[in-house]
Amino acid sequence: MSSIEQTTEILLCLSPAEAANLKEGINFVRNKSTGKDYILFKNKSRLKACKNMCKHQGGLFIKDIEDLNGRSVKCTKHNWKLDVSSMKYINPPGSFCQDELVVEKDEENGVLLLELNPPNPWDSEPRSPEDLAFGEVQITYLTHACMDLKLGDKRMVFDPWLIGPAFARGWWLLHEPPSDWLERLSRADLIYISHMHSDHLSYPTLKKLAERRPDVPIYVGNTERPVFWNLNQSGVQLTNINVVPFGIWQQVDKNLRFMILMDGVHPEMDTCIIVEYKGHKILNTVDCTRPNGGRLPMKVALMMSDFAGGASGFPMTFSGGKFTEEWKAQFIKTERKKLLNYKARLVKDLQPRIYCPFAGYFVESHPADKYIKETNIKNDPNELNNLIKKNSEVVTWTPRPGATLDLGRMLKDPTDSKGIVEPPEGTKIYKDSWDFGPYLNILNAAIGDEIFRHSSWIKEYFTWAGFKDYNLVVRMIETDEDFSPLPGGYDYLVDFLDLSFPKERPSREHPYEEIRSRVDVIRHVVKNGLLWDDLYIGFQTRLQRDPDIYHHLFWNHFQIKLPLTPPDWKSFLMCSG
């Protein structure tokens with residue numbers, strides 16, 4: 001059977017007005033151009049959707065008048081009933097689940113229904129699990145999202161971030177990696193890098209690796225924005241980067257294969273992976289919001305996912321209006337709890353044999369970010385694991401750097417004392433010092449760059465960025481460490497409707513946003529044509545907005561869609577001469 005790359009098909013588009021008119025509960029919607037019918041279930045801001053087609057014999061569903069809760073629909077053929085809030089059939093009970101479609105909001109708050117094809121690509125060429133010898137499959141946790149997997153005689157590493165900061169200077173490693181981390185990376189047969197965020201694609205780490213072994217095989221998914229879009233700029237010499245299509249098994253040897261899947265919410269940049277050895281699956285959903293559109297393999301041997309929250313500037317970096325300290329603290333608490341419950345439910349639904357929370361082990365350790373560190377509370381992995389154990393039979397593992405899980409032992413007997421080998425007594429678990437200096441020097445070098453002697457850099461930069469025809473006025477203010485306006489720093493307006501740079505705010509109705517940025521980071525980002533994640537996710541800005549609206553189109557552009565090559569400052573300087 002030949003594999004075809006997994007694709008996404010848009011089945012239905014609802015305009016912002018149509019989306020706003022969806023009522024609470026069940027909505028029947030038809031795509032007028034194809035004549036196909038769909039059901040959308042609205043629960044506050046959450047939407048679920050499926051085809052209006054019964055699994056039994058393809059009948060059409062109508063409103064179930066006997067259902068007083070407004071959650072179920074009834075098939076016109078044999079009276080089968082579907083609870084659209086859970087997508088489970090209630091008549092006959094315990095029979096089927098309805099295949100869910102991926103629901104996405106577009107830039108203007110319109111709604112798209114998408115179908116992934118094939119939906120369960122890992123089912124192609126299935127393999128029955130074989131017995132594993134003790135020691136045959138071992139998973140060692142290094143730091144954050146980095147795992148070192150021994151799979152028979154092959155070694156695979158996930159997302160190596162082992163030195164330096166992520167997101168400019170906002171994130172630092174919580175855990176002290178094992179001292180032999182570079183040897184481990186250098187002997188890897190393959191390295192998987194899930195996406196371009198710098199806590200997964202760490203150029204300082206890869207620079208060290210490339211000096212030892214530039215030809216180490218690295219695998220990434222075929223995302224719209226290439227994971228290694230900035231490789232040339234980075235100066236890191238890696239010569240063996242492989243971009244693989246989504247949803248197709250990549251055979252490594254007779255026992256080992258892997259498959260990269262896309263995220264339903266951020267298909268342009270996020271991916272996750274299934275690794276299979278002798279029929280045993282390891283599922284790593286990394287940072288995906290809706291991995292593979294929410295459809296994942298059940299009963300895998302080991303599942304790992306993020307859990308911590310706090311990977312965004314919202315709401316800690318916002319002020320004004322509702323953003324009081326009390327509101328922020330309450331919001332963070334509620335959001336973390338929601339995330340914890342969502343992850344616990346996901347694990348309960350998928351029933352892996354073993355679950356490991358990871359990819360949330362970072363800390364805002366630079367002294368200038370003390371406020372963020374104190375406010376940006378993260379979920380506790382043990383709390384999540386206890387929640388999972390309460391509701392299911394799943395075995396859980398809270399990883400410590402250097403700890404190793406032996407999959408063969410754990411599958412045979414989860415109580416085996418040698419199933420998980422903890423790091424030796426006295427091993428340093430948490431970092432207590434970070435080498436801030438060299439990394440801050442790189443950022444500081446941008447401050448005095450010649451570009452910034454000419455105020456026309458502003459027009460040059462935003463013209464290069466290519467975002468316009470959008471009614472938003474932004475005031476950009478360069479600041480010191482404490483976000484106070486920098487004496488002699490730039491403070492200017494950008495009107496994105498016509499990409500002009502007015503001296504004062506225009507008289508027309510317009511949304512307004514004020515962005516204060518630490519001068520070293522904003523200039524480093526501008527000079528090198530980097531994405532604004534460094535500013536926003538890295539907590540290097542402070543924001544105010546009026547009205548309090550998230551401008552998805554604006555942020556999405558500056559976080560994901562900037563040009564792949566930096567501005568041509570050389571010719572800019574020649575012209576400014």
# chains A, B, ... in the order shown; residues from 1 in each chain; ligands from 1
$ closest_atom_pairs --of "stretch 216-286 of chain A" --to "stretch 558-572 of chain A" --cutoff "9 Å" --atoms "only C-alpha atoms" --output "tab-separated table"
residue	atom	partner	partner_atom	distance
A:Arg225	CA	A:Ile560	CA	7.5
A:Pro226	CA	A:Leu564	CA	9.0
A:Trp229	CA	A:Leu564	CA	6.2
A:Asn230	CA	A:Leu564	CA	7.3
A:Gln233	CA	A:Thr565	CA	8.5
A:Glu268	CA	A:Ile560	CA	8.2
A:Met269	CA	A:Ile560	CA	7.9
$ residues_around --residues "stretch 358-363 of chain A" --least-positions-apart "2" --cutoff "6 Å" --atoms "only C-alpha atoms" --output "list in words"
His144, Ala145, Trp171, Trp172, Leu173, Leu174, Ser305, Asp306, Ala308 and Ser365 of chain A
$ select_by_dssp --residues "stretch 188-310 of chain A" --states "alpha helix (DSSP H)" --output "list in words"
Tyr203, Pro204, Thr205, Leu206, Lys207, Lys208, Leu209, Ala210, Glu211, Arg212, Leu231, Asn232, Gln233 and Ser234 of chain A
$ closest_residue --among "A:Phe307, A:Phe323, A:Trp181, A:Tyr219" --to "A:Cys356" --atoms "only C-alpha atoms"
A:Phe307
$ residues_around --residues "A:Pro177" --least-positions-apart "3" --cutoff "10 Å" --atoms "only C-alpha atoms" --output "JSON, numbers by chain"
{"A": [141, 142, 143, 144, 146, 161, 162, 163, 173, 174, 180, 181, 182, 400, 401, 402, 428, 429, 430, 431]}
$ write_last_selection --atoms "N, CA, C and O atoms" --output "compact mmCIF listing (two decimals), in the first residue's frame"
# COMPACT_ATOMS: atom_id res chain seq x y z
N TYR A 141 15.49 11.39 30.02
CA TYR A 141 15.11 12.81 29.98
C TYR A 141 16.36 13.67 30.18
O TYR A 141 17.14 13.43 31.10
N LEU A 142 16.55 14.66 29.30
CA LEU A 142 17.69 15.56 29.45
C LEU A 142 17.26 16.90 30.04
O LEU A 142 17.66 17.25 31.14
N THR A 143 16.43 17.67 29.32
CA THR A 143 15.85 18.91 29.87
C THR A 143 14.62 19.27 29.05
O THR A 143 14.53 18.91 27.89
N HIS A 144 13.72 20.05 29.62
CA HIS A 144 12.58 20.68 28.93
C HIS A 144 11.85 19.71 28.00
O HIS A 144 11.09 18.88 28.49
N CYS A 146 13.54 17.83 25.71
CA CYS A 146 14.59 17.01 25.11
C CYS A 146 14.67 15.63 25.75
O CYS A 146 14.93 15.51 26.95
N TRP A 161 17.33 21.50 23.50
CA TRP A 161 17.68 22.84 24.03
C TRP A 161 18.43 22.57 25.33
O TRP A 161 17.82 22.19 26.32
N LEU A 162 19.75 22.73 25.31
CA LEU A 162 20.54 22.35 26.48
C LEU A 162 21.43 23.45 27.02
O LEU A 162 21.97 23.33 28.12
N ILE A 163 21.60 24.53 26.23
CA ILE A 163 22.32 25.70 26.76
C ILE A 163 21.68 26.97 26.23
O ILE A 163 20.97 26.96 25.22
N LEU A 173 16.73 27.51 31.12
CA LEU A 173 16.43 26.14 31.52
C LEU A 173 16.22 26.02 33.03
O LEU A 173 17.00 26.56 33.81
N LEU A 174 15.17 25.30 33.41
CA LEU A 174 14.91 25.03 34.82
C LEU A 174 15.85 23.93 35.33
O LEU A 174 16.36 24.00 36.45
N ASP A 180 26.92 14.80 30.24
CA ASP A 180 27.34 14.20 28.97
C ASP A 180 26.37 14.51 27.82
O ASP A 180 26.32 13.78 26.83
N TRP A 181 25.61 15.61 27.95
CA TRP A 181 24.57 15.87 26.94
C TRP A 181 25.13 16.01 25.53
O TRP A 181 24.52 15.55 24.56
N LEU A 182 26.32 16.63 25.40
CA LEU A 182 26.86 16.84 24.06
C LEU A 182 27.28 15.51 23.41
O LEU A 182 27.05 15.30 22.22
N ARG A 400 13.17 13.56 35.79
CA ARG A 400 14.25 14.37 36.33
C ARG A 400 15.44 14.19 35.42
O ARG A 400 15.65 13.10 34.87
N PRO A 401 16.25 15.25 35.24
CA PRO A 401 17.33 15.16 34.25
C PRO A 401 18.26 13.97 34.51
O PRO A 401 18.75 13.79 35.63
N GLY A 402 18.45 13.15 33.48
CA GLY A 402 19.29 11.97 33.61
C GLY A 402 18.53 10.71 33.99
O GLY A 402 19.08 9.61 33.94
N LYS A 428 22.78 17.18 40.53
CA LYS A 428 22.13 18.49 40.55
C LYS A 428 20.92 18.46 39.62
O LYS A 428 21.04 18.13 38.45
N ILE A 429 19.74 18.76 40.15
CA ILE A 429 18.50 18.68 39.37
C ILE A 429 18.15 20.06 38.78
O ILE A 429 17.86 20.19 37.60
N TYR A 430 18.18 21.08 39.63
CA TYR A 430 17.77 22.41 39.18
C TYR A 430 18.99 23.30 38.95
O TYR A 430 19.94 23.29 39.73
N LYS A 431 18.92 24.09 37.90
CA LYS A 431 19.99 25.06 37.64
C LYS A 431 19.93 26.17 38.69
O LYS A 431 18.84 26.58 39.10
$ residues_around --residues "A:Asp533" --least-positions-apart "6" --cutoff "10 Å" --atoms "only C-alpha atoms" --output "VMD selection string"
chain A and resid 166 to 168 197 to 198 312 to 313 525 539 to 540 555 to 556 558 to 560
$ write_last_selection --atoms "N, CA and C atoms" --output "mmCIF file, in the first residue's frame"
data_model
loop_
_atom_site.group_PDB
_atom_site.id
_atom_site.type_symbol
_atom_site.label_atom_id
_atom_site.label_comp_id
_atom_site.auth_asym_id
_atom_site.auth_seq_id
_atom_site.Cartn_x
_atom_site.Cartn_y
_atom_site.Cartn_z
ATOM 1 N N ALA A 166 16.036 30.900 25.534
ATOM 2 C CA ALA A 166 15.084 30.832 24.426
ATOM 3 C C ALA A 166 14.307 32.151 24.426
ATOM 4 N N PHE A 167 13.739 32.503 23.283
ATOM 5 C CA PHE A 167 12.974 33.749 23.144
ATOM 6 C C PHE A 167 13.802 34.929 23.655
ATOM 7 N N ALA A 168 14.877 35.212 22.904
ATOM 8 C CA ALA A 168 15.787 36.336 23.167
ATOM 9 C C ALA A 168 16.519 36.130 24.495
ATOM 10 N N HIS A 197 10.195 27.377 17.369
ATOM 11 C CA HIS A 197 10.373 28.135 18.609
ATOM 12 C C HIS A 197 11.708 27.758 19.261
ATOM 13 N N SER A 198 12.356 28.764 19.855
ATOM 14 C CA SER A 198 13.750 28.568 20.263
ATOM 15 C C SER A 198 13.928 27.722 21.517
ATOM 16 N N SER A 312 3.415 32.390 26.963
ATOM 17 C CA SER A 312 2.875 33.514 26.193
ATOM 18 C C SER A 312 3.008 34.764 27.038
ATOM 19 N N GLY A 313 3.055 35.914 26.383
ATOM 20 C CA GLY A 313 3.139 37.167 27.142
ATOM 21 C C GLY A 313 1.815 37.556 27.786
ATOM 22 N N VAL A 525 16.006 42.155 17.006
ATOM 23 C CA VAL A 525 14.950 41.558 16.177
ATOM 24 C C VAL A 525 14.833 42.291 14.834
ATOM 25 N N PHE A 539 8.589 37.804 26.852
ATOM 26 C CA PHE A 539 8.261 38.786 27.910
ATOM 27 C C PHE A 539 9.113 40.056 27.812
ATOM 28 N N GLN A 540 9.520 40.429 26.588
ATOM 29 C CA GLN A 540 10.391 41.602 26.424
ATOM 30 C C GLN A 540 9.614 42.854 26.035
ATOM 31 N N TRP A 555 -0.646 40.162 14.927
ATOM 32 C CA TRP A 555 0.312 39.354 15.675
ATOM 33 C C TRP A 555 0.728 38.119 14.887
ATOM 34 N N ASN A 556 -0.209 37.499 14.198
ATOM 35 C CA ASN A 556 0.100 36.316 13.408
ATOM 36 C C ASN A 556 1.145 36.644 12.343
ATOM 37 N N PHE A 558 3.438 39.116 12.416
ATOM 38 C CA PHE A 558 4.761 39.398 12.977
ATOM 39 C C PHE A 558 5.353 38.199 13.734
ATOM 40 N N GLN A 559 4.520 37.236 14.108
ATOM 41 C CA GLN A 559 5.036 36.057 14.809
ATOM 42 C C GLN A 559 5.324 34.885 13.873
ATOM 43 N N ILE A 560 4.663 34.861 12.698
ATOM 44 C CA ILE A 560 4.805 33.682 11.831
ATOM 45 C C ILE A 560 5.101 34.035 10.371
#
$ residues_around --residues "stretch 296-301 of chain A" --least-positions-apart "6" --cutoff "6 Å" --atoms "only C-alpha atoms" --output "list in words"
His280, Lys281, Ile282, Leu350, Gln351, Pro352 and Arg353 of chain A
$ closest_atom_pairs --of "stretch 221-319 of chain A" --to "stretch 109-124 of chain A" --cutoff "10 Å" --atoms "only C-alpha atoms" --output "JSON lines"
{"residue": "A:Phe246", "atom": "CA", "partner": "A:Pro121", "partner_atom": "CA", "distance": 9.0}
{"residue": "A:Gly247", "atom": "CA", "partner": "A:Pro121", "partner_atom": "CA", "distance": 5.3}
{"residue": "A:Ile248", "atom": "CA", "partner": "A:Pro121", "partner_atom": "CA", "distance": 6.9}
{"residue": "A:Trp249", "atom": "CA", "partner": "A:Trp122", "partner_atom": "CA", "distance": 7.4}
{"residue": "A:Phe258", "atom": "CA", "partner": "A:Trp122", "partner_atom": "CA", "distance": 9.3}
{"residue": "A:Met259", "atom": "CA", "partner": "A:Trp122", "partner_atom": "CA", "distance": 7.5}
{"residue": "A:Ile260", "atom": "CA", "partner": "A:Trp122", "partner_atom": "CA", "distance": 9.8}
{"residue": "A:Leu261", "atom": "CA", "partner": "A:Pro121", "partner_atom": "CA", "distance": 8.9}
{"residue": "A:Met262", "atom": "CA", "partner": "A:Leu116", "partner_atom": "CA", "distance": 9.6}
{"residue": "A:Gly264", "atom": "CA", "partner": "A:Leu116", "partner_atom": "CA", "distance": 8.8}
{"residue": "A:Ile274", "atom": "CA", "partner": "A:Trp122", "partner_atom": "CA", "distance": 8.2}
{"residue": "A:Glu276", "atom": "CA", "partner": "A:Trp122", "partner_atom": "CA", "distance": 9.7}
{"residue": "A:Lys281", "atom": "CA", "partner": "A:Trp122", "partner_atom": "CA", "distance": 9.9}
{"residue": "A:Asn292", "atom": "CA", "partner": "A:Leu116", "partner_atom": "CA", "distance": 7.7}
{"residue": "A:Gly293", "atom": "CA", "partner": "A:Leu116", "partner_atom": "CA", "distance": 7.3}
{"residue": "A:Gly294", "atom": "CA", "partner": "A:Pro119", "partner_atom": "CA", "distance": 9.7}
{"residue": "A:Arg295", "atom": "CA", "partner": "A:Asn120", "partner_atom": "CA", "distance": 7.1}
{"residue": "A:Leu296", "atom": "CA", "partner": "A:Asn120", "partner_atom": "CA", "distance": 7.3}
{"residue": "A:Pro297", "atom": "CA", "partner": "A:Trp122", "partner_atom": "CA", "distance": 7.6}
$ write_last_selection --atoms "C-alpha atoms" --output "PDB file, in the first residue's frame"
ATOM      1  CA  PHE A 246       3.136  14.724   7.099  1.00  0.00           C
ATOM      2  CA  GLY A 247       1.436  11.449   7.918  1.00  0.00           C
ATOM      3  CA  ILE A 248       3.850   9.054   6.198  1.00  0.00           C
ATOM      4  CA  TRP A 249       5.920   6.404   7.959  1.00  0.00           C
ATOM      5  CA  PHE A 258       8.486   7.390  12.745  1.00  0.00           C
ATOM      6  CA  MET A 259       5.745   9.661  11.443  1.00  0.00           C
ATOM      7  CA  ILE A 260       5.441  13.444  11.788  1.00  0.00           C
ATOM      8  CA  LEU A 261       1.931  14.894  12.137  1.00  0.00           C
ATOM      9  CA  MET A 262       0.679  18.466  11.878  1.00  0.00           C
ATOM     10  CA  GLY A 264      -4.784  21.433  13.724  1.00  0.00           C
ATOM     11  CA  ILE A 274       4.854   9.050  16.588  1.00  0.00           C
ATOM     12  CA  GLU A 276       7.276   3.075  16.578  1.00  0.00           C
ATOM     13  CA  LYS A 281       4.300   3.423  19.749  1.00  0.00           C
ATOM     14  CA  ASN A 292      -3.491  15.984  14.141  1.00  0.00           C
ATOM     15  CA  GLY A 293      -6.762  17.898  14.512  1.00  0.00           C
ATOM     16  CA  GLY A 294      -7.525  16.059  17.755  1.00  0.00           C
ATOM     17  CA  ARG A 295      -7.275  12.515  16.351  1.00  0.00           C
ATOM     18  CA  LEU A 296      -4.500  10.484  17.938  1.00  0.00           C
ATOM     19  CA  PRO A 297      -3.580   6.819  18.343  1.00  0.00           C
TER      20      PRO A 297
END
$ closest_residue --among "A:Ile62, A:Leu201, A:Val395, A:Ile193" --to "A:Trp80" --atoms "only C-alpha atoms"
A:Ile62
$ closest_residue --among "A:Gly408, A:Gly279, A:Pro357, A:Gly437" --to "A:Asn255" --atoms "only C-alpha atoms"
A:Gly279
$ select_by_dssp --residues "stretch 251-485 of chain A" --states "strand (DSSP E or B)" --output "ChimeraX atom specification"
/A:251,256-263,271-277,280-284,291,302-305,318,354-357,362-363,395-396,404-406,420-421,430,473-479,485
$ write_last_selection --atoms "N, CA and C atoms" --output "CSV table (one decimal), in the first residue's frame"
chain,number,residue,atom,x,y,z
A,251,GLN,N,10.8,4.9,7.4
A,251,GLN,CA,11.4,3.7,7.9
A,251,GLN,C,12.9,3.9,8.2
A,256,LEU,N,12.3,0.0,13.3
A,256,LEU,CA,12.1,1.4,13.8
A,256,LEU,C,11.5,2.3,12.6
A,257,ARG,N,10.5,3.0,12.9
A,257,ARG,CA,9.9,4.0,12.0
A,257,ARG,C,9.3,5.1,12.7
A,258,PHE,N,9.1,6.3,12.1
A,258,PHE,CA,8.5,7.4,12.7
A,258,PHE,C,7.6,8.1,11.7
A,259,MET,N,6.7,8.9,12.3
A,259,MET,CA,5.7,9.7,11.4
A,259,MET,C,5.5,11.0,12.1
A,260,ILE,N,5.7,12.1,11.3
A,260,ILE,CA,5.4,13.4,11.8
A,260,ILE,C,4.0,13.9,11.4
A,261,LEU,N,3.3,14.4,12.4
A,261,LEU,CA,1.9,14.9,12.1
A,261,LEU,C,1.8,16.4,12.4
A,262,MET,N,0.8,17.0,11.7
A,262,MET,CA,0.7,18.5,11.9
A,262,MET,C,-0.3,18.8,13.0
A,263,ASP,N,-0.2,20.1,13.4
A,263,ASP,CA,-1.1,20.6,14.4
A,263,ASP,C,-2.4,21.1,13.7
A,271,THR,N,4.3,20.8,14.9
A,271,THR,CA,4.2,19.4,14.5
A,271,THR,C,4.3,18.5,15.8
A,272,CYS,N,4.0,17.3,15.6
A,272,CYS,CA,4.2,16.3,16.7
A,272,CYS,C,4.6,15.0,16.0
A,273,ILE,N,5.0,13.9,16.8
A,273,ILE,CA,5.6,12.8,16.2
A,273,ILE,C,5.1,11.5,16.9
A,274,ILE,N,5.0,10.4,16.1
A,274,ILE,CA,4.9,9.1,16.6
A,274,ILE,C,6.1,8.3,16.2
A,275,VAL,N,6.8,7.7,17.2
A,275,VAL,CA,7.9,6.8,16.9
A,275,VAL,C,7.4,5.4,17.2
A,276,GLU,N,7.7,4.5,16.3
A,276,GLU,CA,7.3,3.1,16.6
A,276,GLU,C,8.5,2.1,16.5
A,277,TYR,N,8.7,1.3,17.5
A,277,TYR,CA,9.7,0.3,17.5
A,277,TYR,C,9.1,-1.0,17.8
A,280,HIS,N,5.6,-1.0,19.0
A,280,HIS,CA,5.3,-0.2,20.2
A,280,HIS,C,5.4,1.3,19.9
A,281,LYS,N,4.3,2.0,20.1
A,281,LYS,CA,4.3,3.4,19.7
A,281,LYS,C,4.7,4.4,20.9
A,282,ILE,N,5.5,5.3,20.6
A,282,ILE,CA,5.7,6.4,21.5
A,282,ILE,C,5.2,7.7,20.9
A,283,LEU,N,4.2,8.4,21.6
A,283,LEU,CA,3.6,9.5,21.0
A,283,LEU,C,4.1,10.8,21.7
A,284,ASN,N,4.6,11.7,21.0
A,284,ASN,CA,5.1,13.0,21.6
A,284,ASN,C,4.3,14.1,20.9
A,291,PRO,N,-3.2,18.4,18.3
A,291,PRO,CA,-2.3,17.5,17.4
A,291,PRO,C,-3.2,16.7,16.5
A,302,LEU,N,3.9,4.8,25.3
A,302,LEU,CA,4.3,6.0,26.1
A,302,LEU,C,3.8,7.2,25.4
A,303,MET,N,3.2,8.1,26.1
A,303,MET,CA,2.8,9.4,25.6
A,303,MET,C,3.5,10.5,26.4
A,304,MET,N,4.0,11.5,25.7
A,304,MET,CA,4.5,12.7,26.4
A,304,MET,C,3.9,14.0,25.8
A,305,SER,N,3.7,15.0,26.6
A,305,SER,CA,3.1,16.2,26.1
A,305,SER,C,3.5,17.4,27.0
A,318,PHE,N,0.6,42.7,30.0
A,318,PHE,CA,-0.5,43.7,29.7
A,318,PHE,C,-0.8,44.6,30.9
A,354,ILE,N,1.8,4.5,29.6
A,354,ILE,CA,2.6,5.4,30.5
A,354,ILE,C,2.5,6.8,29.9
A,355,TYR,N,2.4,7.8,30.8
A,355,TYR,CA,2.3,9.2,30.4
A,355,TYR,C,3.4,10.0,31.1
A,356,CYS,N,4.1,10.9,30.4
A,356,CYS,CA,5.1,11.8,30.9
A,356,CYS,C,4.9,13.2,30.5
A,357,PRO,N,4.6,14.1,31.5
A,357,PRO,CA,4.5,15.6,31.2
A,357,PRO,C,5.9,16.2,31.1
A,362,PHE,N,10.9,25.5,32.1
A,362,PHE,CA,11.7,26.7,31.8
A,362,PHE,C,11.4,27.7,33.0
A,363,VAL,N,12.3,28.7,33.1
A,363,VAL,CA,12.2,29.6,34.2
A,363,VAL,C,12.7,31.0,33.7
A,395,VAL,N,0.0,4.7,34.0
A,395,VAL,CA,1.2,4.9,34.8
A,395,VAL,C,1.8,6.2,34.4
A,396,THR,N,2.3,7.0,35.4
A,396,THR,CA,2.8,8.3,35.1
A,396,THR,C,4.3,8.4,35.5
A,404,THR,N,16.1,7.5,33.5
A,404,THR,CA,15.9,6.7,32.4
A,404,THR,C,14.7,5.7,32.6
A,405,LEU,N,13.8,5.7,31.7
A,405,LEU,CA,12.7,4.7,31.7
A,405,LEU,C,13.0,3.6,30.8
A,406,ASP,N,12.9,2.4,31.3
A,406,ASP,CA,13.1,1.2,30.5
A,406,ASP,C,11.7,0.6,30.0
A,420,ILE,N,12.2,2.5,36.2
A,420,ILE,CA,12.7,3.9,36.0
A,420,ILE,C,13.9,4.0,36.9
A,421,VAL,N,15.0,4.4,36.3
A,421,VAL,CA,16.3,4.6,37.1
A,421,VAL,C,16.5,6.1,37.3
A,430,TYR,N,18.2,21.1,39.6
A,430,TYR,CA,17.8,22.4,39.2
A,430,TYR,C,19.0,23.3,38.9
A,473,VAL,N,-3.5,51.3,14.7
A,473,VAL,CA,-2.4,52.2,14.9
A,473,VAL,C,-1.6,51.7,16.1
A,474,VAL,N,-0.3,51.6,15.9
A,474,VAL,CA,0.6,51.1,17.0
A,474,VAL,C,1.6,52.1,17.3
A,475,ARG,N,1.8,52.3,18.6
A,475,ARG,CA,2.9,53.2,19.1
A,475,ARG,C,4.0,52.3,19.6
A,476,MET,N,5.2,52.4,19.0
A,476,MET,CA,6.3,51.6,19.4
A,476,MET,C,7.3,52.5,20.3
A,477,ILE,N,7.6,52.0,21.5
A,477,ILE,CA,8.4,52.8,22.4
A,477,ILE,C,9.6,52.0,22.8
A,478,GLU,N,10.8,52.5,22.5
A,478,GLU,CA,12.0,51.7,23.0
A,478,GLU,C,12.3,52.1,24.5
A,479,THR,N,12.6,51.1,25.3
A,479,THR,CA,12.7,51.3,26.7
A,479,THR,C,14.0,50.7,27.3
A,485,PRO,N,10.6,54.6,29.1
A,485,PRO,CA,11.1,55.1,27.8
A,485,PRO,C,12.5,55.5,27.9
$ residues_around --residues "A:Ser86" --least-positions-apart "4" --cutoff "9 Å" --atoms "only C-alpha atoms" --output "PyMOL selection string"
chain A and resi 48+71+82+97-98
$ residues_around --residues "A:Thr205" --least-positions-apart "2" --cutoff "8 Å" --atoms "only C-alpha atoms" --output "list in words"
Pro160, Trp161, Leu162, Ile163, Gly164, Ser202, Tyr203, Lys207, Lys208 and Leu209 of chain A
